[in-house]
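Undergrad: A single structure is presented below for examination.
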Amino acid sequence: MNVPQKALIAVLMAGAGLASAAEPNTSAHQAQIDAMVREISPQRIQGYIDKLVGFGTRHTMSDTVSDTRGIGAARRWIKGELERCGAGKLQVAFDGHLHPVDRRLSRPTEIVNVVATLPGTQAESRDRMYVVSGHYDSRNSDDADAVNNAPGANDDASGTAAVMELACVMARYKFDATLVFMTVAAEEQGLYGSADYAEKAKQKKLNIAGMFTNDIIGSSYNEEGKRDNGQVRLFAEGIPALKEMPDHLRTLIQTGGENDSTPRQLARHVKEVGERYVPNFKVTIVNRRDRYLRGGDHAPFLDRGFAALRFTEPAENFNHQHQNVRKEGALQIGDLPEFVDPDYIAQVARVNAASLASLALAPASPQGVKILTAKLDNHTDLAWTANTEPDLAGYRVVWRDTTAAQWQGSQFVGKVTSVTMPLSKDNVFFGVQAVDKDGNVSPATYPLPGR
């Protein structure tokens with residue numbers, strides 16, 4: 001949308017009395033978020049990775065008795081670290097289940113997640129949750145080998161270390177909504193740890209408003225040795241491939257909103273906030289669920305209707321994933337600590353921190369958003385249900401051309417629950433965001449048609 005169009009819209013909005021509402025500064029930096037971003041430490045992240053690799057193997061079926069080797073020692077150490085750094089703030093617990101024999105488990109195996117919860121402090125928001133995960137299990141070339149070394153420095157000690165660093169830093173602050181920092185097991189066997197948590201969340205009807213997984217975020221070098229430390233890929237699903245299409249997804253398709261699913265709205269929020277707080281670092285949204293032939297711990301959340309995203313480095317080196325450590329001539333094979341870049345991981349963690357903090361401080365996304373279609377005209381009537389947060393300042397309407405990926409225009413409309421926009425509903429996509437008095441903004445909600 002060009003500058004003259006934006007200027008014309010501003011004039012029209014002012015004429016309609018919609019520009020008079022006092023808008024909080026939604027583009028300013030929040031001091032609290034800036035502080036969190038600064039506190040993320042590459043040195044601590046490297047220390048976490050070295051410790052995890054030091055357990056030799058973290059295969060899901062590896063030793064659970066030893067204090068120095070295997071997945072049992074790893075999860076007890078993770079839990080102890082989170083209890084230490086979050087003393088009095090984080091609620092840390094094991095969350096496990098016994099998984100039966102299947103194609104990647106030769107015996108019934110206890111799958112144990114380590115879950116650290118930072119409860120929200122606002123009564124109207126604390127049941128709204130944001131989950132961030134990494135998987136702490138590892139594997140080598142043989143996915144059934146539970147004995148030999150599987151260092152798993154990048155896959156996924158990098159994501160586990162980032163989540164631990166996020167938990168320890170963010171536990172020093174307060175948020176309206178609840179944050180859950182989770183290291184999960186059995187990702188390599190079939191996403192069993194995350195699937196168990198997601199299923200329990202669905203059964204309990206938990207309000208998980210967003211989920212991030214950090215998996216393979218450790219290297220800024222590709223297979224040819226070319227470095228790219230200025231971006232992270234963010235995978236965001238559009239319309240899920242379901243045998244039976246629910247009405248709201250069918251309506252999304254009918255109105256051209258394939259790029260306006262809740263994961264895509266969450267991804268837009270992460271890109272906007274992450275790039276604001278982490279200068280010279282790009283969040284590259286990839287409009288698909290995941291990479292070809294691969295899967296991650298966000299998938300079980302997507303399958304159960306939660307908005308979930310995956311962070312992954314720009315270009316993976318497959319010689320450093322799922323491999324026995326060995327030399328082939330001069331080529332070193334294996335997922336070793338020497339191939340991870342803690343400064344790069346810290347940048348990805350900073351994007352996570354800024355995004356999670358912004359989400360947990362902001363109001364919930366507006367509910368019941370409708371685009372009213374009772375009459376033919378060249379304006380757009382929008383309506384929604386009022387939020388309940390006491391610090392709500394009002395709402396912001398955003399829009400973009402139908403060919404654009406990111407929001408291009410916005411207008412704060414105050415503390416109302418309906419508005420007429422001087423733009424044709426036929427020509428642009430709209431969204432409605434909630435804004436609090438400090439300028440924290442929710443992800444947008446796509447309006448479905450209504451009369």
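Each chain of the structure tokens is named A, B, ... in the order shown, its residues numbered from 1; ligands are numbered from 1 in display order.
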Show which residues sit within 9 Å of A:Ala405, as a list of chain:residue names. Count only C-alpha atoms, and ignore same-chain residues fewer than 3 positions away.

TA: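 These residues fall inside the cut-off: A:Asn259, A:Arg268, A:Arg400, A:Asp401, A:Thr402, A:Gln408.
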
Undergrad: Do you know which residues are at most 9 Å from stretch 113-129 of chain A counting only C-alpha atoms, after dropping those on the same chain fewer than 2 positions away, and could you put them as a count of residues only?

TA: 49

Undergrad: Under the rule that only C-alpha atoms are counted, which of A:Ala161, A:Asn149, A:Gly134, A:Thr57 is the nearest residue to A:Glu81?

TA: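 Distance minimum relative to A:Glu81 lands on A:Ala161.
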
Undergrad: List every residue of stretch 315-365 of chain A that has an atom at most 9 Å from any atom of stretch 424-441 of chain A, giving for each one its closest atom pair and the distance in Å to one decimal, counting only C-alpha atoms, sorted by chain and then by ascending residue number, as a Markdown table.

TA:
| residue | atom | partner | partner_atom | distance |
| --- | --- | --- | --- | --- |
| A:Ser358 | CA | A:Asn440 | CA | 6.3 |
| A:Leu359 | CA | A:Val441 | CA | 7.6 |
| A:Leu361 | CA | A:Asn440 | CA | 6.5 |
| A:Ala362 | CA | A:Asn440 | CA | 4.7 |
| A:Pro363 | CA | A:Ala434 | CA | 5.9 |
| A:Ala364 | CA | A:Ala434 | CA | 6.8 |
| A:Ser365 | CA | A:Ala434 | CA | 5.9 |

Undergrad: Residues of stretch 311-451 of chain A classed as strand (DSSP E) by DSSP on the backbone are to be reported as a count of residues only.

TA: 52

Undergrad: Quick one, how far is atom CA of A:Leu448 from atom CA of A:Glu244?

TA: 19.3 Å

Undergrad: Using only C-alpha atoms, find the one residue out of A:His99, A:His29, A:Lys375, A:His59 that sits nearest to A:Tyr192.

TA: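 Smallest separation from A:Tyr192 among the options: A:His99.
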
Undergrad: Which of stretch 34-266 of chain A end up as helix (DSSP H, G or I) when DSSP is run on this backbone - answer as a VMD selection string?

TA: chain A and resid 34 to 39 42 to 53 71 to 85 153 to 170 187 to 190 192 to 203 247 to 254 262 to 266

Undergrad: With C-alpha atoms kept, could you save the residues just selected as a compact mmCIF listing (two decimals), in the first residue's frame?

TA:
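This is the output file out_12.txt:
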# COMPACT_ATOMS: atom_id res chain seq x y z
CA ASP A 34 14.99 -4.82 26.30
CA ALA A 35 16.46 -5.94 29.62
CA MET A 36 15.55 -9.58 28.99
CA VAL A 37 17.07 -9.52 25.53
CA ARG A 38 20.32 -8.07 26.92
CA GLU A 39 20.52 -10.74 29.62
CA PRO A 42 25.91 -17.09 24.83
CA GLN A 43 28.36 -18.27 27.51
CA ARG A 44 25.63 -19.86 29.62
CA ILE A 45 24.09 -21.40 26.51
CA GLN A 46 27.44 -22.96 25.58
CA GLY A 47 27.78 -24.28 29.12
CA TYR A 48 24.36 -25.94 28.97
CA ILE A 49 25.23 -27.59 25.64
CA ASP A 50 28.58 -28.87 26.90
CA LYS A 51 26.90 -30.35 29.97
CA LEU A 52 24.19 -32.07 27.92
CA VAL A 53 26.74 -33.53 25.49
CA ILE A 71 18.71 -39.59 29.62
CA GLY A 72 17.86 -40.02 33.30
CA ALA A 73 20.93 -38.07 34.44
CA ALA A 74 20.20 -35.42 31.79
CA ARG A 75 16.63 -34.81 32.89
CA ARG A 76 17.52 -34.70 36.57
CA TRP A 77 20.24 -32.14 35.83
CA ILE A 78 17.86 -30.00 33.72
CA LYS A 79 15.26 -30.06 36.49
CA GLY A 80 17.87 -29.14 39.11
CA GLU A 81 19.16 -26.22 37.05
CA LEU A 82 15.67 -24.83 36.49
CA GLU A 83 14.85 -25.18 40.18
CA ARG A 84 18.07 -23.40 41.09
CA CYS A 85 17.74 -20.46 38.71
CA ALA A 153 24.85 -30.83 20.40
CA ASN A 154 22.74 -29.12 17.76
CA ASP A 155 19.86 -31.62 17.62
CA ASP A 156 18.71 -30.61 20.10
CA ALA A 157 20.93 -29.50 22.95
CA SER A 158 20.86 -26.13 21.18
CA GLY A 159 17.09 -25.80 21.60
CA THR A 160 17.16 -27.24 25.12
CA ALA A 161 19.88 -24.77 26.13
CA ALA A 162 17.89 -21.88 24.66
CA VAL A 163 14.76 -22.88 26.59
CA MET A 164 16.75 -23.21 29.83
CA GLU A 165 18.29 -19.78 29.28
CA LEU A 166 14.86 -18.29 28.55
CA ALA A 167 13.41 -19.81 31.71
CA CYS A 168 16.23 -18.59 33.93
CA VAL A 169 16.21 -15.05 32.52
CA MET A 170 12.44 -14.58 32.26
CA GLU A 187 11.20 -36.40 19.84
CA GLU A 188 13.46 -38.72 17.88
CA GLN A 189 11.15 -41.70 18.45
CA GLY A 190 8.00 -39.95 17.26
CA TYR A 192 6.03 -38.68 22.06
CA GLY A 193 6.85 -36.26 24.86
CA SER A 194 5.29 -33.25 23.19
CA ALA A 195 2.32 -35.29 21.95
CA ASP A 196 1.58 -36.45 25.49
CA TYR A 197 1.70 -32.88 26.82
CA ALA A 198 -0.42 -31.52 23.94
CA GLU A 199 -3.04 -34.25 24.36
CA LYS A 200 -3.29 -33.62 28.11
CA ALA A 201 -3.63 -29.90 27.39
CA LYS A 202 -6.46 -30.58 24.96
CA GLN A 203 -8.25 -32.87 27.41
CA ASP A 247 -16.58 -24.76 9.29
CA HIS A 248 -14.15 -22.04 10.41
CA LEU A 249 -11.38 -23.39 8.16
CA ARG A 250 -13.77 -23.79 5.24
CA THR A 251 -14.81 -20.16 5.69
CA LEU A 252 -11.15 -19.14 5.87
CA ILE A 253 -10.59 -20.72 2.46
CA GLN A 254 -13.81 -19.31 1.01
CA THR A 262 -3.73 -18.61 13.80
CA PRO A 263 -0.15 -19.94 13.31
CA ARG A 264 0.42 -17.41 10.51
CA GLN A 265 -0.94 -14.58 12.69
CA LEU A 266 1.38 -15.72 15.48

Undergrad: What gap, in Å, lies between atom CA of A:Ala330 and atom CA of A:Lys226?

TA: 17.9 Å

Undergrad: Need to verify the contact set: A:Gly296, 9 Å, only C-alpha atoms, exclusion of same-chain residues closer than 3 positions in sequence. Can you return it as a PDB file with N, CA and C atoms, in the first residue's frame?

TA:
ATOM      1  N   GLU A 187      11.438 -37.044  21.126  1.00  0.00           N
ATOM      2  CA  GLU A 187      11.196 -36.401  19.836  1.00  0.00           C
ATOM      3  C   GLU A 187      11.686 -37.310  18.714  1.00  0.00           C
ATOM      4  N   GLY A 190       9.337 -40.213  17.806  1.00  0.00           N
ATOM      5  CA  GLY A 190       8.004 -39.947  17.256  1.00  0.00           C
ATOM      6  C   GLY A 190       7.258 -38.824  17.937  1.00  0.00           C
ATOM      7  N   LEU A 191       7.977 -37.851  18.495  1.00  0.00           N
ATOM      8  CA  LEU A 191       7.358 -36.674  19.124  1.00  0.00           C
ATOM      9  C   LEU A 191       6.502 -37.060  20.326  1.00  0.00           C
ATOM     10  N   THR A 213       8.543 -24.223  19.207  1.00  0.00           N
ATOM     11  CA  THR A 213       9.589 -25.210  19.449  1.00  0.00           C
ATOM     12  C   THR A 213      10.882 -24.723  18.811  1.00  0.00           C
ATOM     13  N   ASN A 214      11.987 -24.939  19.518  1.00  0.00           N
ATOM     14  CA  ASN A 214      13.318 -24.583  19.035  1.00  0.00           C
ATOM     15  C   ASN A 214      14.076 -25.878  18.803  1.00  0.00           C
ATOM     16  N   ASP A 215      14.268 -26.224  17.556  1.00  0.00           N
ATOM     17  CA  ASP A 215      14.863 -27.511  17.207  1.00  0.00           C
ATOM     18  C   ASP A 215      15.875 -27.303  16.084  1.00  0.00           C
ATOM     19  N   ASP A 290       6.580 -27.671   8.208  1.00  0.00           N
ATOM     20  CA  ASP A 290       7.939 -28.071   8.571  1.00  0.00           C
ATOM     21  C   ASP A 290       8.715 -28.370   7.296  1.00  0.00           C
ATOM     22  N   ALA A 299       4.279 -29.986  15.961  1.00  0.00           N
ATOM     23  CA  ALA A 299       3.250 -30.683  15.193  1.00  0.00           C
ATOM     24  C   ALA A 299       2.121 -31.249  16.061  1.00  0.00           C
ATOM     25  N   PRO A 300       2.411 -31.904  17.208  1.00  0.00           N
ATOM     26  CA  PRO A 300       1.297 -32.396  18.029  1.00  0.00           C
ATOM     27  C   PRO A 300       0.382 -31.286  18.535  1.00  0.00           C
ATOM     28  N   ARG A 310       7.778 -23.394  14.533  1.00  0.00           N
ATOM     29  CA  ARG A 310       9.083 -24.032  14.693  1.00  0.00           C
ATOM     30  C   ARG A 310      10.202 -23.068  14.286  1.00  0.00           C
TER      31      ARG A 310
END

Undergrad: Hey, which of A:Glu275, A:Asp303, A:Asp67, A:Asp381 ends up closest to A:Asn352? Count only C-alpha atoms.

TA: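 The closest residue to A:Asn352 is A:Glu275.
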
Undergrad: To one decimal place in Å, what is the distance between atom CA of A:Tyr344 and atom CA of A:Ala357?

TA: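 Atom CA of A:Ala357 lies 20.1 Å from atom CA of A:Tyr344.
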
Undergrad: From the set A:Thr255, A:Gln411, A:Ser219, A:Ser442, which residue has the shortest atom-to-atom contact distance to A:Ile371, counting only C-alpha atoms?

TA: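 Once distances to A:Ile371 are computed over only C-alpha atoms, the minimum belongs to A:Thr255.
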
Undergrad: Looking at only C-alpha atoms, which of A:Ala315, A:Ala404, A:Ile333, A:Val132 is the one that sits closest to A:Ser220?

TA: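 Checking each of A:Ala315, A:Ala404, A:Ile333, A:Val132 against A:Ser220, counting only C-alpha atoms, the winner is A:Ala315.
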
Undergrad: Return the single residue from A:Ile285, A:Ile40, A:Leu331, A:Ile239 that is closest to A:Gly257, with distances computed using only C-alpha atoms.

TA: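 Ranking A:Ile285, A:Ile40, A:Leu331, A:Ile239 by distance to A:Gly257, first place goes to A:Ile239.
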
Undergrad: Applying 12 Å and only C-alpha atoms, which residues near A:Ala150 remain after dropping the ones on its own chain fewer than 5 positions away? List them as a PyMOL selection string.

TA: chain A and resi 52-60+62+69-71+136-145+155-157+188+320-326+333-337
